[in-house]
>>> print(open('start.txt').read())   # compact mmCIF, C-alpha atoms
# COMPACT_ATOMS: atom_id res chain seq x y z
CA MET P 228 0.64 35.43 -33.69
CA CYS P 229 3.48 33.06 -34.47
CA ASP P 230 1.67 30.61 -36.71
CA PHE P 231 -0.25 33.41 -38.40
CA CYS P 232 2.98 35.27 -39.09
CA ALA P 233 4.53 32.08 -40.45
CA LYS P 234 1.52 31.35 -42.61
CA HIS P 235 0.47 34.81 -43.75
CA GLY P 236 3.38 37.03 -42.84
CA ASN P 237 5.57 36.62 -45.90
CA GLY P 238 8.63 36.72 -43.66
CA GLY P 239 7.41 39.43 -41.28
CA LYS P 240 4.51 40.26 -39.00
CA TRP P 241 1.30 39.17 -40.62
CA TYR P 242 -0.43 42.50 -40.19
CA GLU P 243 2.44 44.25 -41.93
CA ASN P 244 2.04 42.08 -45.01
CA VAL P 245 0.36 44.09 -47.77
CA GLU P 246 -1.24 40.98 -49.24
CA ASN P 247 -3.51 40.61 -46.25
CA TYR P 248 -5.17 43.92 -47.04
CA ALA P 249 -5.75 43.15 -50.71
CA ARG P 250 -6.89 39.56 -50.85
CA LYS P 251 -10.53 40.45 -51.39
CA MET P 252 -9.71 42.41 -54.51
CA TYR P 253 -8.37 39.32 -56.21
CA ARG P 254 -10.53 36.68 -54.66
CA ILE P 255 -12.87 34.90 -57.00
CA ARG P 256 -16.14 34.30 -55.26
CA ARG P 257 -17.63 30.89 -55.77
CA ALA P 258 -21.38 30.74 -55.69
CA GLY P 259 -22.70 28.99 -52.60
CA LYS P 260 -19.26 28.35 -51.15
CA ASP P 261 -18.40 31.63 -49.54
CA LEU P 262 -20.14 32.53 -46.35
CA GLN P 263 -21.35 36.11 -46.33
CA MET P 264 -20.11 38.26 -43.48
CA GLY P 265 -23.66 38.69 -42.15
CA ASP P 266 -24.12 34.94 -41.87
CA VAL P 267 -20.80 34.59 -40.09
CA GLN P 268 -21.77 37.36 -37.70
CA ASN P 269 -25.04 35.60 -36.93
CA LEU P 270 -23.38 32.23 -36.46
CA ILE P 271 -20.75 33.67 -34.17
CA GLU P 272 -23.37 35.52 -32.12
CA SER P 273 -25.38 32.36 -31.58
CA ILE P 274 -22.38 30.20 -30.74
CA LEU P 275 -21.14 32.81 -28.27
CA ASP P 276 -24.53 32.64 -26.60
CA GLU P 277 -24.10 28.91 -26.36
CA ALA P 278 -20.71 29.35 -24.70
CA ILE P 279 -22.15 31.84 -22.22
CA GLU P 280 -24.95 29.39 -21.44
CA ALA P 281 -22.46 26.53 -20.99
CA ARG P 282 -20.38 28.60 -18.61
CA GLY P 283 -23.52 29.38 -16.62
CA LEU P 284 -24.36 25.71 -16.21
CA SER P 285 -20.91 25.26 -14.66
CA ASP P 286 -20.29 22.00 -16.45
CA PRO P 287 -16.55 22.28 -17.17
CA LYS P 288 -16.44 19.43 -19.63
CA ASN P 289 -19.24 20.78 -21.76
CA TYR P 290 -17.78 24.25 -21.55
CA GLU P 291 -14.40 23.08 -22.89
CA GLU P 292 -16.17 21.41 -25.78
CA VAL P 293 -18.16 24.53 -26.66
CA LYS P 294 -15.08 26.70 -26.25
CA ALA P 295 -13.11 24.54 -28.69
CA ARG P 296 -15.99 24.71 -31.16
CA VAL P 297 -16.21 28.50 -30.91
CA GLU P 298 -12.49 28.92 -31.40
CA SER P 299 -12.34 26.58 -34.38
CA MET P 300 -15.10 28.62 -35.96
CA VAL P 301 -13.77 32.04 -35.17
CA LEU P 302 -10.13 31.55 -36.21
CA PRO P 303 -10.75 31.11 -39.94
CA ALA P 304 -13.44 33.77 -40.04
CA HIS P 305 -13.47 36.69 -37.67
CA PHE P 306 -11.24 37.57 -34.73
CA GLY P 307 -9.10 40.43 -33.54
CA GLN P 308 -5.59 40.99 -32.30
CA VAL P 309 -4.37 43.83 -30.14
CA VAL P 310 -1.93 46.32 -31.68
CA THR P 311 -0.06 49.32 -30.32
CA LEU P 312 -0.46 52.85 -31.62
CA GLU P 313 2.75 52.63 -33.70
CA GLU P 314 1.54 49.42 -35.30
CA VAL P 315 -1.84 50.98 -36.13
CA GLU P 316 -0.03 53.85 -37.81
CA LYS P 317 1.91 51.34 -39.90
CA ILE P 318 -1.34 49.63 -40.89
CA LEU P 319 -2.82 53.00 -41.87
CA ASP P 320 0.13 53.52 -44.20
CA ILE P 321 -0.59 50.23 -45.94
CA ALA P 322 -4.37 50.03 -46.14
CA TYR P 323 -6.60 52.20 -48.27
CA PRO P 324 -9.28 53.52 -48.16
CA ILE P 325 -9.73 54.32 -44.47
CA ALA P 326 -13.15 55.13 -43.06
CA ARG P 327 -14.76 55.66 -39.71
CA ILE P 328 -17.91 53.67 -39.06
CA THR P 329 -20.22 53.12 -36.10
CA CYS P 330 -19.28 50.51 -33.50
CA ILE P 331 -21.68 47.56 -33.39
CA CYS P 332 -20.64 46.43 -29.90
CA ARG P 333 -21.13 49.81 -28.28
CA ARG P 334 -24.52 50.20 -29.92
CA ARG P 335 -25.74 46.85 -28.75
CA SER P 336 -24.20 46.58 -25.31
CA ARG P 337 -24.35 50.20 -24.13
CA GLY P 338 -26.98 51.70 -26.44
CA VAL P 339 -24.63 54.41 -27.73
CA LYS P 340 -26.41 56.60 -30.29
CA ASP P 341 -25.09 56.48 -33.85
CA GLU P 342 -23.96 60.12 -33.93
CA GLU P 343 -21.61 59.56 -30.97
CA ASN P 344 -20.57 56.09 -32.00
CA PHE P 345 -17.94 56.55 -34.73
CA PHE P 346 -15.25 54.48 -33.05
CA CYS P 347 -14.60 51.72 -35.53
CA MET P 348 -12.31 52.06 -38.45
CA GLY P 349 -12.95 50.16 -41.65
CA ILE P 350 -9.96 49.68 -43.93
CA GLY P 351 -9.62 48.35 -47.44
CA VAL P 352 -11.85 48.08 -50.49
CA GLY P 353 -14.69 46.62 -48.45
CA MET P 354 -15.46 50.16 -47.32
CA TYR P 355 -16.54 51.21 -50.81
CA LYS P 356 -19.47 48.83 -50.60
CA TRP P 357 -20.16 49.11 -46.88
CA GLU P 358 -23.60 50.57 -47.61
CA LYS P 359 -24.58 47.19 -48.99
CA TRP P 360 -25.03 46.02 -45.39
CA PRO P 361 -27.55 48.57 -44.07
CA GLU P 362 -27.72 47.06 -40.60
CA ASN P 363 -24.02 47.64 -40.07
CA TYR P 364 -24.00 50.84 -42.13
CA ARG P 365 -26.21 52.53 -39.52
CA GLY P 366 -25.15 56.13 -39.02
CA GLY P 367 -23.20 56.22 -42.28
CA ILE P 368 -19.50 56.33 -43.04
CA HIS P 369 -16.78 58.99 -42.90
CA PHE P 370 -13.88 58.51 -45.27
CA MET P 371 -10.57 59.84 -44.02
CA ALA P 372 -7.17 60.69 -45.46
CA PRO P 373 -4.34 58.63 -43.90
CA ASN P 374 -2.97 61.64 -42.01
CA GLU P 375 -6.38 62.57 -40.69
CA ALA P 376 -6.91 58.96 -39.62
CA LYS P 377 -3.61 58.91 -37.74
CA GLU P 378 -4.42 62.12 -35.98
CA TRP P 379 -7.80 60.72 -34.96
CA ILE P 380 -6.32 57.43 -33.78
CA ARG P 381 -3.84 59.31 -31.58
CA GLU P 382 -6.76 61.18 -30.08
CA VAL P 383 -8.71 58.02 -29.18
CA ASN P 384 -5.50 56.48 -27.87
CA LYS P 385 -5.14 59.45 -25.55
CA LYS P 386 -8.71 58.93 -24.39
CA GLY P 387 -7.83 55.32 -23.58
CA ALA P 388 -9.17 52.97 -26.23
CA VAL P 389 -7.41 49.68 -26.95
CA HIS P 390 -6.63 49.22 -30.64
CA SER P 391 -7.07 45.89 -32.35
CA PHE P 392 -7.29 44.82 -35.97
CA TRP P 393 -9.91 42.35 -37.11
CA VAL P 394 -9.96 39.81 -39.89
CA PHE P 395 -12.95 39.19 -42.12
CA GLY P 396 -12.16 35.79 -43.51
CA THR P 397 -8.59 35.03 -42.36
CA PRO P 398 -6.12 36.49 -43.34
CA TYR P 399 -7.98 39.45 -44.86
CA ILE P 400 -7.66 42.38 -42.45
CA GLY P 401 -10.61 44.73 -42.79
CA GLY P 402 -10.93 46.84 -39.70
CA ILE P 403 -9.38 48.48 -36.69
CA CYS P 404 -11.41 48.53 -33.50
CA ASN P 405 -10.88 50.99 -30.70
CA CYS P 406 -12.40 49.32 -27.68
CA GLU P 407 -12.77 49.31 -23.98
CA TYR P 408 -14.10 46.87 -21.44
CA PRO P 409 -16.98 46.10 -20.94
CA SER P 410 -18.72 47.46 -24.02
CA CYS P 411 -16.53 45.50 -26.46
CA ILE P 412 -17.97 42.03 -26.97
CA GLY P 413 -14.66 40.58 -28.14
CA MET P 414 -12.81 41.79 -25.07
CA ARG P 415 -15.64 40.64 -22.89
CA MET P 416 -15.64 37.11 -24.30
CA ARG P 417 -11.91 36.95 -23.72
CA LEU P 418 -11.78 38.42 -20.23
CA ASP P 419 -15.00 37.04 -18.74
CA TYR P 420 -15.43 33.78 -20.62
CA ASP P 421 -11.87 33.00 -21.75
CA ILE P 422 -12.84 32.61 -25.40
CA LYS P 423 -10.12 33.61 -27.80
CA LEU P 424 -11.96 35.98 -30.06
CA PHE P 425 -9.63 38.75 -29.04
CA MET P 426 -5.94 37.88 -29.11
CA LYS P 427 -2.99 39.35 -27.28
CA GLY P 428 -0.68 41.59 -29.30
CA GLU P 429 2.86 41.09 -30.52
CA LYS P 430 4.19 43.36 -27.77
CA VAL P 431 4.35 43.11 -23.99
CA ALA P 432 4.83 46.00 -21.60
CA GLN P 433 7.76 45.99 -19.23
CA ILE P 434 8.56 48.52 -16.56
CA ASP P 435 11.94 50.19 -16.19
CA TYR P 436 12.25 50.42 -12.41
CA GLU P 437 14.98 53.06 -12.64
CA LYS P 438 12.80 55.46 -14.57
CA CYS P 439 9.37 54.85 -13.02
CA ASN P 440 8.38 57.68 -10.69
CA GLY P 441 5.24 56.05 -9.37
CA CYS P 442 2.83 58.67 -10.75
CA GLY P 443 0.28 55.97 -11.55
CA ILE P 444 -1.06 57.41 -14.81
CA CYS P 445 -0.64 54.01 -16.46
CA LEU P 446 -2.84 52.40 -13.79
CA LYS P 447 -5.87 54.26 -15.04
CA ARG P 448 -5.17 53.36 -18.63
CA CYS P 449 -4.84 49.59 -18.34
CA GLN P 450 -8.06 47.86 -19.40
CA PHE P 451 -6.82 44.41 -18.46
CA GLY P 452 -5.98 44.87 -14.81
CA ALA P 453 -2.33 44.12 -15.44
CA ILE P 454 -0.89 47.10 -13.58
CA THR P 455 -0.78 47.57 -9.83
CA TYR P 456 0.81 50.19 -7.63
CA GLU P 457 3.37 48.95 -5.17
CA VAL P 458 3.03 51.17 -2.15
CA ALA P 459 6.33 50.34 -0.45
CA LEU P 460 8.42 50.73 -3.58
CA ASP P 461 6.50 53.74 -4.93
CA ARG P 462 6.61 52.11 -8.34
CA VAL P 463 4.07 50.36 -10.47
CA SER P 464 4.38 46.75 -11.44
CA ILE P 465 3.12 45.19 -14.65
CA ASN P 466 1.91 41.63 -14.69
CA GLN P 467 3.11 40.42 -18.07
CA LYS P 468 0.86 37.39 -17.96
CA LYS P 469 -2.15 39.67 -17.93
CA CYS P 470 -0.70 42.24 -20.32
CA PHE P 471 -2.30 42.27 -23.80
CA GLY P 472 0.34 44.54 -25.29
CA CYS P 473 -1.91 47.44 -26.28
CA GLY P 474 0.70 49.97 -25.24
CA LEU P 475 -1.81 52.41 -23.74
CA CYS P 476 0.29 52.64 -20.58
CA ALA P 477 3.44 53.41 -22.55
CA THR P 478 1.96 56.18 -24.72
CA GLN P 479 1.12 58.38 -21.74
CA CYS P 480 4.09 57.51 -19.50
CA LYS P 481 5.80 60.85 -18.80
CA PRO P 482 9.23 59.45 -17.81
CA SER P 483 9.03 56.84 -20.64
CA ALA P 484 9.47 54.09 -18.09
CA ILE P 485 7.43 51.51 -19.98
CA ILE P 486 9.11 49.58 -22.75
CA MET P 487 7.11 47.55 -25.25
CA ARG P 488 9.04 44.33 -25.80
CA ASP P 489 8.43 41.76 -28.51
CA ARG P 490 6.41 38.88 -27.15
CA VAL P 491 8.30 36.29 -29.18
CA ASN P 492 11.54 37.26 -27.44
CA ILE P 493 10.16 36.45 -23.99
CA PRO P 494 10.25 32.65 -23.64
CA GLY P 495 7.51 32.40 -21.03
CA LEU P 496 5.11 34.46 -23.08
CA SER P 497 5.96 33.57 -26.65
CA LYS P 498 3.13 31.09 -26.88
CA GLU P 499 0.50 33.11 -25.02
CA TRP P 500 -1.91 34.80 -27.34
CA MET C 226 -27.62 32.29 -10.30
CA VAL C 227 -29.64 35.45 -10.74
CA GLU C 228 -32.56 35.21 -13.10
CA ILE C 229 -33.50 38.29 -15.09
CA ASN C 230 -36.78 38.53 -16.96
CA ILE C 231 -37.47 41.27 -19.46
CA SER C 232 -40.98 41.77 -20.69
CA ARG C 233 -40.99 42.36 -24.43
CA GLU C 234 -44.43 43.93 -24.25
CA LYS C 235 -43.22 46.59 -21.83
CA CYS C 236 -39.74 47.17 -23.26
CA LYS C 237 -40.53 48.51 -26.73
CA ASN C 238 -37.43 50.37 -27.83
CA PRO C 239 -34.33 49.47 -25.81
CA LEU C 240 -31.86 51.41 -27.96
CA GLU C 241 -33.88 54.62 -27.87
CA CYS C 242 -34.20 54.46 -24.08
CA ALA C 243 -30.93 52.67 -23.23
CA ILE C 244 -31.15 53.48 -19.52
CA CYS C 245 -30.52 49.93 -18.30
CA LEU C 246 -27.86 49.37 -20.97
CA ARG C 247 -25.94 52.38 -19.69
CA ILE C 248 -26.32 52.13 -15.95
CA CYS C 249 -25.64 48.44 -15.46
CA PRO C 250 -22.36 48.20 -13.49
CA THR C 251 -21.36 44.94 -15.16
CA ALA C 252 -23.00 45.66 -18.55
CA VAL C 253 -25.26 42.62 -18.41
CA PHE C 254 -27.70 43.78 -21.08
CA TYR C 255 -27.45 43.45 -24.81
CA ALA C 256 -29.88 44.62 -27.49
CA TYR C 257 -29.94 42.81 -30.81
CA PRO C 258 -32.10 42.91 -33.91
CA TYR C 259 -34.63 40.12 -33.49
CA LYS C 260 -34.93 39.37 -37.18
CA PHE C 261 -31.50 40.07 -38.54
CA ASN C 262 -31.39 40.66 -42.26
CA MET C 263 -28.10 41.90 -43.58
CA PHE C 264 -29.71 43.63 -46.55
CA GLU C 265 -32.11 45.72 -44.46
CA GLU C 266 -31.71 48.21 -41.69
CA THR C 267 -33.62 46.88 -38.70
CA PRO C 268 -35.97 49.52 -37.27
CA LEU C 269 -35.03 50.44 -33.70
CA GLU C 270 -38.37 49.09 -32.43
CA GLU C 271 -37.38 45.63 -33.57
CA TYR C 272 -34.33 45.51 -31.36
CA VAL C 273 -34.83 43.17 -28.44
CA LEU C 274 -33.22 43.53 -25.03
CA THR C 275 -31.72 40.44 -23.45
CA PRO C 276 -29.72 39.87 -20.26
CA ARG C 277 -26.95 38.25 -22.30
CA PHE C 278 -24.24 38.38 -19.67
CA LYS C 279 -26.54 37.46 -16.79
CA LEU C 280 -23.77 35.46 -15.14
CA LEU C 281 -22.20 38.75 -14.14
CA CYS C 282 -25.36 40.20 -12.61
CA THR C 283 -24.84 41.30 -9.02
CA ALA C 284 -28.55 41.93 -8.38
CA CYS C 285 -27.99 45.55 -7.44
CA TYR C 286 -31.54 46.30 -8.69
CA GLU C 287 -30.51 49.59 -10.35
CA CYS C 288 -32.13 48.57 -13.63
CA VAL C 289 -35.34 47.50 -11.92
CA LYS C 290 -35.52 50.84 -10.13
CA LEU C 291 -34.73 52.99 -13.16
CA CYS C 292 -36.64 51.23 -15.93
CA PRO C 293 -39.38 53.71 -16.97
CA ASN C 294 -41.64 50.86 -18.14
CA ASN C 295 -41.05 48.45 -15.25
CA ALA C 296 -40.05 45.84 -17.78
CA ILE C 297 -37.25 44.20 -15.80
CA GLU C 298 -37.73 41.62 -13.11
CA ILE C 299 -34.96 40.02 -11.07
CA LYS C 300 -35.37 36.71 -9.29
CA LEU C 301 -32.82 35.42 -6.85
>>> encode(input="start.txt", output="structure tokens")
Amino acid sequence: MCDFCAKHGNGGKWYENVENYARKMYRIRRAGKDLQMGDVQNLIESILDEAIEARGLSDPKNYEEVKARVESMVLPAHFGQVVTLEEVEKILDIAYPIARITCICRRRSRGVKDEENFFCMGIGVGMYKWEKWPENYRGGIHFMAPNEAKEWIREVNKKGAVHSFWVFGTPYIGGICNCEYPSCIGMRMRLDYDIKLFMKGEKVAQIDYEKCNGCGICLKRCQFGAITYEVALDRVSINQKKCFGCGLCATQCKPSAIIMRDRVNIPGLSKEW
Amino acid sequence: MVEINISREKCKNPLECAICLRICPTAVFYAYPYKFNMFEETPLEEYVLTPRFKLLCTACYECVKLCPNNAIEIKL
């Protein structure tokens, strides 16, 4: 996102900056000052519950207050941003080691068994000590070579999972999630409760009306309800306001009619994250 | 708003069973470790089922019908 790229990007996109994958290696921990990830997770869970409650009471003023509190807490600690397949591949070239771990959201919201639940990708040195957190270590860990990881990520992309990278203490990037609605809690909070735990990506999809043949494959792949089929035109149309820039529609578009444009170059969208 | 009550006595192991978690059309349910300790693996029996996203409940009664322990109650 613009201010994150300005602050942590070192002149480029912030997730392409090598420093953001290494910070933990050099960070000196101060006793009592650093929150442990488990504590943060717990805090976020409870504050999300509060937001859900506030929404239920339909008191808009209170809800805005809670929402602001959640966002101020989440931004320095733990949030995700959507990335396209190409961007994930770039990240996999930078970060090491790469490991597949079980997805916490899918376990808790859909009861997916650990053996079938290796959808999350942990990246960076944190993975070497992942077993220190047994609750999250459930099911174990599979380390992967970068090429193997890319092959796997292409496979889940084909199946239709939205990729996003997550920070663990901003700007340290420590994981790539492969999610879908509604089992992903981050996506859910964003889409159902409008809480920015899950940010839009740097790209936005745009349709090339000349090339689109109206096959509608992209319709099935959009998790955000941004694509509709226009019957009279026999074309699809993409609502860029709803688009999160995951690029799932573009990767399976046979006539390559979907272009992923940079969000910052579209004035009406450059501040929507 | 729909009110969903889950009996903890009847619902012993939500992750093992996971029927309601899987069939809910709007994925209302959520199972979490009741006493979360990051340095210990919580046994599955200590996971607790809650209707976390109850705002989205449509009261279709699928979970009430399918729960093998009759642990779920919906009030309109």
>>> closest_residue(input="start.txt", among="P:Glu342, P:Asp230, P:Asp489, P:Glu280", to="Lys430 (chain P)", atoms="all atoms listed in the file")
P:Asp489
>>> closest_residue(input="start.txt", among="P:Ser285, P:Asn492, P:Gln268, P:Thr455", to="Phe306 (chain P)", atoms="all atoms listed in the file")
P:Gln268
>>> closest_residue(input="start.txt", among="P:Ile271, P:Val339, P:Val245, P:Leu424", to="chain C", atoms="all atoms listed in the file")
P:Val339
>>> atom_distance(input="start.txt", atom1="CA of Glu362 (chain P)", atom2="CA of Asn374 (chain P)")
28.8 Å
>>> closest_atom_pairs(input="start.txt", of="region 342-413 of chain P", to="region 272-294 of chain C", cutoff="12 Å", atoms="all atoms listed in the file", output="Markdown table")
| residue | atom | partner | partner_atom | distance |
| --- | --- | --- | --- | --- |
| P:Glu362 | CA | C:Tyr272 | CA | 11.5 |
| P:Pro409 | CA | C:Phe278 | CA | 10.7 |
| P:Ser410 | CA | C:Phe278 | CA | 11.5 |
| P:Ile412 | CA | C:Phe278 | CA | 10.3 |
>>> atom_distance(input="start.txt", atom1="CA of Gly351 (chain P)", atom2="CA of Asn247 (chain P)")
9.9 Å
>>> closest_atom_pairs(input="start.txt", of="chain C", to="chain P", cutoff="10 Å", atoms="only C-alpha atoms", output="Markdown table")
| residue | atom | partner | partner_atom | distance |
| --- | --- | --- | --- | --- |
| C:Met226 | CA | P:Gly283 | CA | 8.1 |
| C:Pro239 | CA | P:Gly338 | CA | 7.7 |
| C:Leu240 | CA | P:Gly338 | CA | 5.1 |
| C:Glu241 | CA | P:Gly338 | CA | 7.6 |
| C:Cys242 | CA | P:Gly338 | CA | 8.1 |
| C:Ala243 | CA | P:Gly338 | CA | 5.2 |
| C:Ile244 | CA | P:Gly338 | CA | 8.3 |
| C:Cys245 | CA | P:Arg337 | CA | 8.5 |
| C:Leu246 | CA | P:Arg337 | CA | 4.8 |
| C:Arg247 | CA | P:Arg337 | CA | 5.2 |
| C:Ile248 | CA | P:Arg337 | CA | 8.6 |
| C:Cys249 | CA | P:Arg337 | CA | 8.9 |
| C:Pro250 | CA | P:Pro409 | CA | 9.4 |
| C:Thr251 | CA | P:Pro409 | CA | 7.3 |
| C:Ala252 | CA | P:Pro409 | CA | 6.5 |
| C:Val253 | CA | P:Ser336 | CA | 8.0 |
| C:Phe254 | CA | P:Ser336 | CA | 6.2 |
| C:Tyr255 | CA | P:Ser336 | CA | 4.5 |
| C:Ala256 | CA | P:Arg335 | CA | 4.9 |
| C:Tyr257 | CA | P:Arg335 | CA | 6.2 |
| C:Pro258 | CA | P:Glu362 | CA | 9.0 |
| C:Phe261 | CA | P:Asn269 | CA | 8.0 |
| C:Asn262 | CA | P:Glu362 | CA | 7.6 |
| C:Met263 | CA | P:Trp360 | CA | 5.4 |
| C:Phe264 | CA | P:Trp360 | CA | 5.4 |
| C:Glu265 | CA | P:Pro361 | CA | 5.4 |
| C:Glu266 | CA | P:Glu362 | CA | 4.3 |
| C:Thr267 | CA | P:Glu362 | CA | 6.2 |
| C:Pro268 | CA | P:Glu362 | CA | 9.2 |
| C:Tyr272 | CA | P:Arg335 | CA | 9.1 |
| C:Val273 | CA | P:Arg335 | CA | 9.8 |
| C:Leu274 | CA | P:Arg335 | CA | 9.0 |
| C:Thr275 | CA | P:Ser336 | CA | 9.9 |
| C:Arg277 | CA | P:Asp276 | CA | 7.5 |
| C:Phe278 | CA | P:Ile279 | CA | 7.3 |
| C:Lys279 | CA | P:Gly283 | CA | 8.6 |
| C:Leu280 | CA | P:Gly283 | CA | 6.3 |
| C:Leu281 | CA | P:Asp419 | CA | 8.7 |
>>> closest_residue(input="start.txt", among="C:Leu269, C:Asn295, C:Lys300, C:Tyr259", to="Val227 (chain C)", atoms="all atoms listed in the file")
C:Lys300
>>> atom_distance(input="start.txt", atom1="CA of Glu343 (chain P)", atom2="CA of Asn384 (chain P)")
16.7 Å
>>> closest_residue(input="start.txt", among="P:Glu407, P:Thr397, P:Gly239, P:Cys439", to="Val383 (chain P)", atoms="only C-alpha atoms")
P:Glu407
>>> residues_around(input="start.txt", residues="Ile231 (chain C)", least_positions_apart="3", cutoff="9 Å", atoms="all atoms listed in the file", output="PyMOL selection string")
chain C and resi 234-236+274-276+296-299
>>> closest_residue(input="start.txt", among="P:Cys480, P:Ala372, P:Ile325, P:Leu418", to="Trp357 (chain P)", atoms="only C-alpha atoms")
P:Ile325
>>> residues_around(input="start.txt", residues="Glu298 (chain P)", least_positions_apart="6", cutoff="12 Å", atoms="only C-alpha atoms", output="ChimeraX atom specification")
/P:271,274-275,278,291-292,304-306,416-417,421-426
>>> write_last_selection(input="start.txt", atoms="C-alpha atoms", output="short mmCIF file (atom, residue, chain, number, x, y, z; two decimals), keeping the file's coordinate frame")
data_model
loop_
_atom_site.label_atom_id
_atom_site.label_comp_id
_atom_site.auth_asym_id
_atom_site.auth_seq_id
_atom_site.Cartn_x
_atom_site.Cartn_y
_atom_site.Cartn_z
CA ILE P 271 -20.75 33.67 -34.17
CA ILE P 274 -22.38 30.20 -30.74
CA LEU P 275 -21.14 32.81 -28.27
CA ALA P 278 -20.71 29.35 -24.70
CA GLU P 291 -14.40 23.08 -22.89
CA GLU P 292 -16.17 21.41 -25.78
CA ALA P 304 -13.44 33.77 -40.04
CA HIS P 305 -13.47 36.69 -37.67
CA PHE P 306 -11.24 37.57 -34.73
CA MET P 416 -15.64 37.11 -24.30
CA ARG P 417 -11.91 36.95 -23.72
CA ASP P 421 -11.87 33.00 -21.75
CA ILE P 422 -12.84 32.61 -25.40
CA LYS P 423 -10.12 33.61 -27.80
CA LEU P 424 -11.96 35.98 -30.06
CA PHE P 425 -9.63 38.75 -29.04
CA MET P 426 -5.94 37.88 -29.11
#
>>> residues_near_point(input="start.txt", point="(-0.3, 43.4, -42.0)", cutoff="12 Å", atoms="all atoms listed in the file", output="number ranges by chain")
P: 228, 231-232, 235-250, 308, 310, 314-322, 350-351, 392-394, 397-403
>>> write_last_selection(input="start.txt", atoms="C-alpha atoms", output="compact mmCIF listing (two decimals), in the coordinates of the input")
# COMPACT_ATOMS: atom_id res chain seq x y z
CA MET P 228 0.64 35.43 -33.69
CA PHE P 231 -0.25 33.41 -38.40
CA CYS P 232 2.98 35.27 -39.09
CA HIS P 235 0.47 34.81 -43.75
CA GLY P 236 3.38 37.03 -42.84
CA ASN P 237 5.57 36.62 -45.90
CA GLY P 238 8.63 36.72 -43.66
CA GLY P 239 7.41 39.43 -41.28
CA LYS P 240 4.51 40.26 -39.00
CA TRP P 241 1.30 39.17 -40.62
CA TYR P 242 -0.43 42.50 -40.19
CA GLU P 243 2.44 44.25 -41.93
CA ASN P 244 2.04 42.08 -45.01
CA VAL P 245 0.36 44.09 -47.77
CA GLU P 246 -1.24 40.98 -49.24
CA ASN P 247 -3.51 40.61 -46.25
CA TYR P 248 -5.17 43.92 -47.04
CA ALA P 249 -5.75 43.15 -50.71
CA ARG P 250 -6.89 39.56 -50.85
CA GLN P 308 -5.59 40.99 -32.30
CA VAL P 310 -1.93 46.32 -31.68
CA GLU P 314 1.54 49.42 -35.30
CA VAL P 315 -1.84 50.98 -36.13
CA GLU P 316 -0.03 53.85 -37.81
CA LYS P 317 1.91 51.34 -39.90
CA ILE P 318 -1.34 49.63 -40.89
CA LEU P 319 -2.82 53.00 -41.87
CA ASP P 320 0.13 53.52 -44.20
CA ILE P 321 -0.59 50.23 -45.94
CA ALA P 322 -4.37 50.03 -46.14
CA ILE P 350 -9.96 49.68 -43.93
CA GLY P 351 -9.62 48.35 -47.44
CA PHE P 392 -7.29 44.82 -35.97
CA TRP P 393 -9.91 42.35 -37.11
CA VAL P 394 -9.96 39.81 -39.89
CA THR P 397 -8.59 35.03 -42.36
CA PRO P 398 -6.12 36.49 -43.34
CA TYR P 399 -7.98 39.45 -44.86
CA ILE P 400 -7.66 42.38 -42.45
CA GLY P 401 -10.61 44.73 -42.79
CA GLY P 402 -10.93 46.84 -39.70
CA ILE P 403 -9.38 48.48 -36.69
>>> build_atoms(input="start.txt", residues="region 246-255 of chain C", atoms="N, CA and C atoms", output="mmCIF file, in the frame of the given file")
data_model
loop_
_atom_site.group_PDB
_atom_site.id
_atom_site.type_symbol
_atom_site.label_atom_id
_atom_site.label_comp_id
_atom_site.auth_asym_id
_atom_site.auth_seq_id
_atom_site.Cartn_x
_atom_site.Cartn_y
_atom_site.Cartn_z
ATOM 1 N N LEU C 246 -29.104 49.691 -20.273
ATOM 2 C CA LEU C 246 -27.860 49.370 -20.970
ATOM 3 C C LEU C 246 -26.712 50.196 -20.405
ATOM 4 N N ARG C 247 -27.013 51.472 -20.125
ATOM 5 C CA ARG C 247 -25.940 52.380 -19.690
ATOM 6 C C ARG C 247 -25.613 52.284 -18.215
ATOM 7 N N ILE C 248 -26.618 52.049 -17.378
ATOM 8 C CA ILE C 248 -26.320 52.130 -15.950
ATOM 9 C C ILE C 248 -25.827 50.816 -15.352
ATOM 10 N N CYS C 249 -26.010 49.716 -16.061
ATOM 11 C CA CYS C 249 -25.640 48.440 -15.460
ATOM 12 C C CYS C 249 -24.145 48.390 -15.143
ATOM 13 N N PRO C 250 -23.772 48.165 -13.879
ATOM 14 C CA PRO C 250 -22.360 48.200 -13.490
ATOM 15 C C PRO C 250 -21.520 47.125 -14.183
ATOM 16 N N THR C 251 -22.144 45.985 -14.505
ATOM 17 C CA THR C 251 -21.360 44.940 -15.160
ATOM 18 C C THR C 251 -21.773 44.761 -16.619
ATOM 19 N N ALA C 252 -22.554 45.685 -17.143
ATOM 20 C CA ALA C 252 -23.000 45.660 -18.550
ATOM 21 C C ALA C 252 -23.580 44.298 -18.925
ATOM 22 N N VAL C 253 -24.626 43.921 -18.200
ATOM 23 C CA VAL C 253 -25.260 42.620 -18.410
ATOM 24 C C VAL C 253 -26.112 42.607 -19.679
ATOM 25 N N PHE C 254 -26.705 43.757 -20.002
ATOM 26 C CA PHE C 254 -27.700 43.780 -21.080
ATOM 27 C C PHE C 254 -27.082 43.883 -22.462
ATOM 28 N N TYR C 255 -27.886 43.446 -23.418
ATOM 29 C CA TYR C 255 -27.450 43.450 -24.810
ATOM 30 C C TYR C 255 -28.711 43.583 -25.650
#
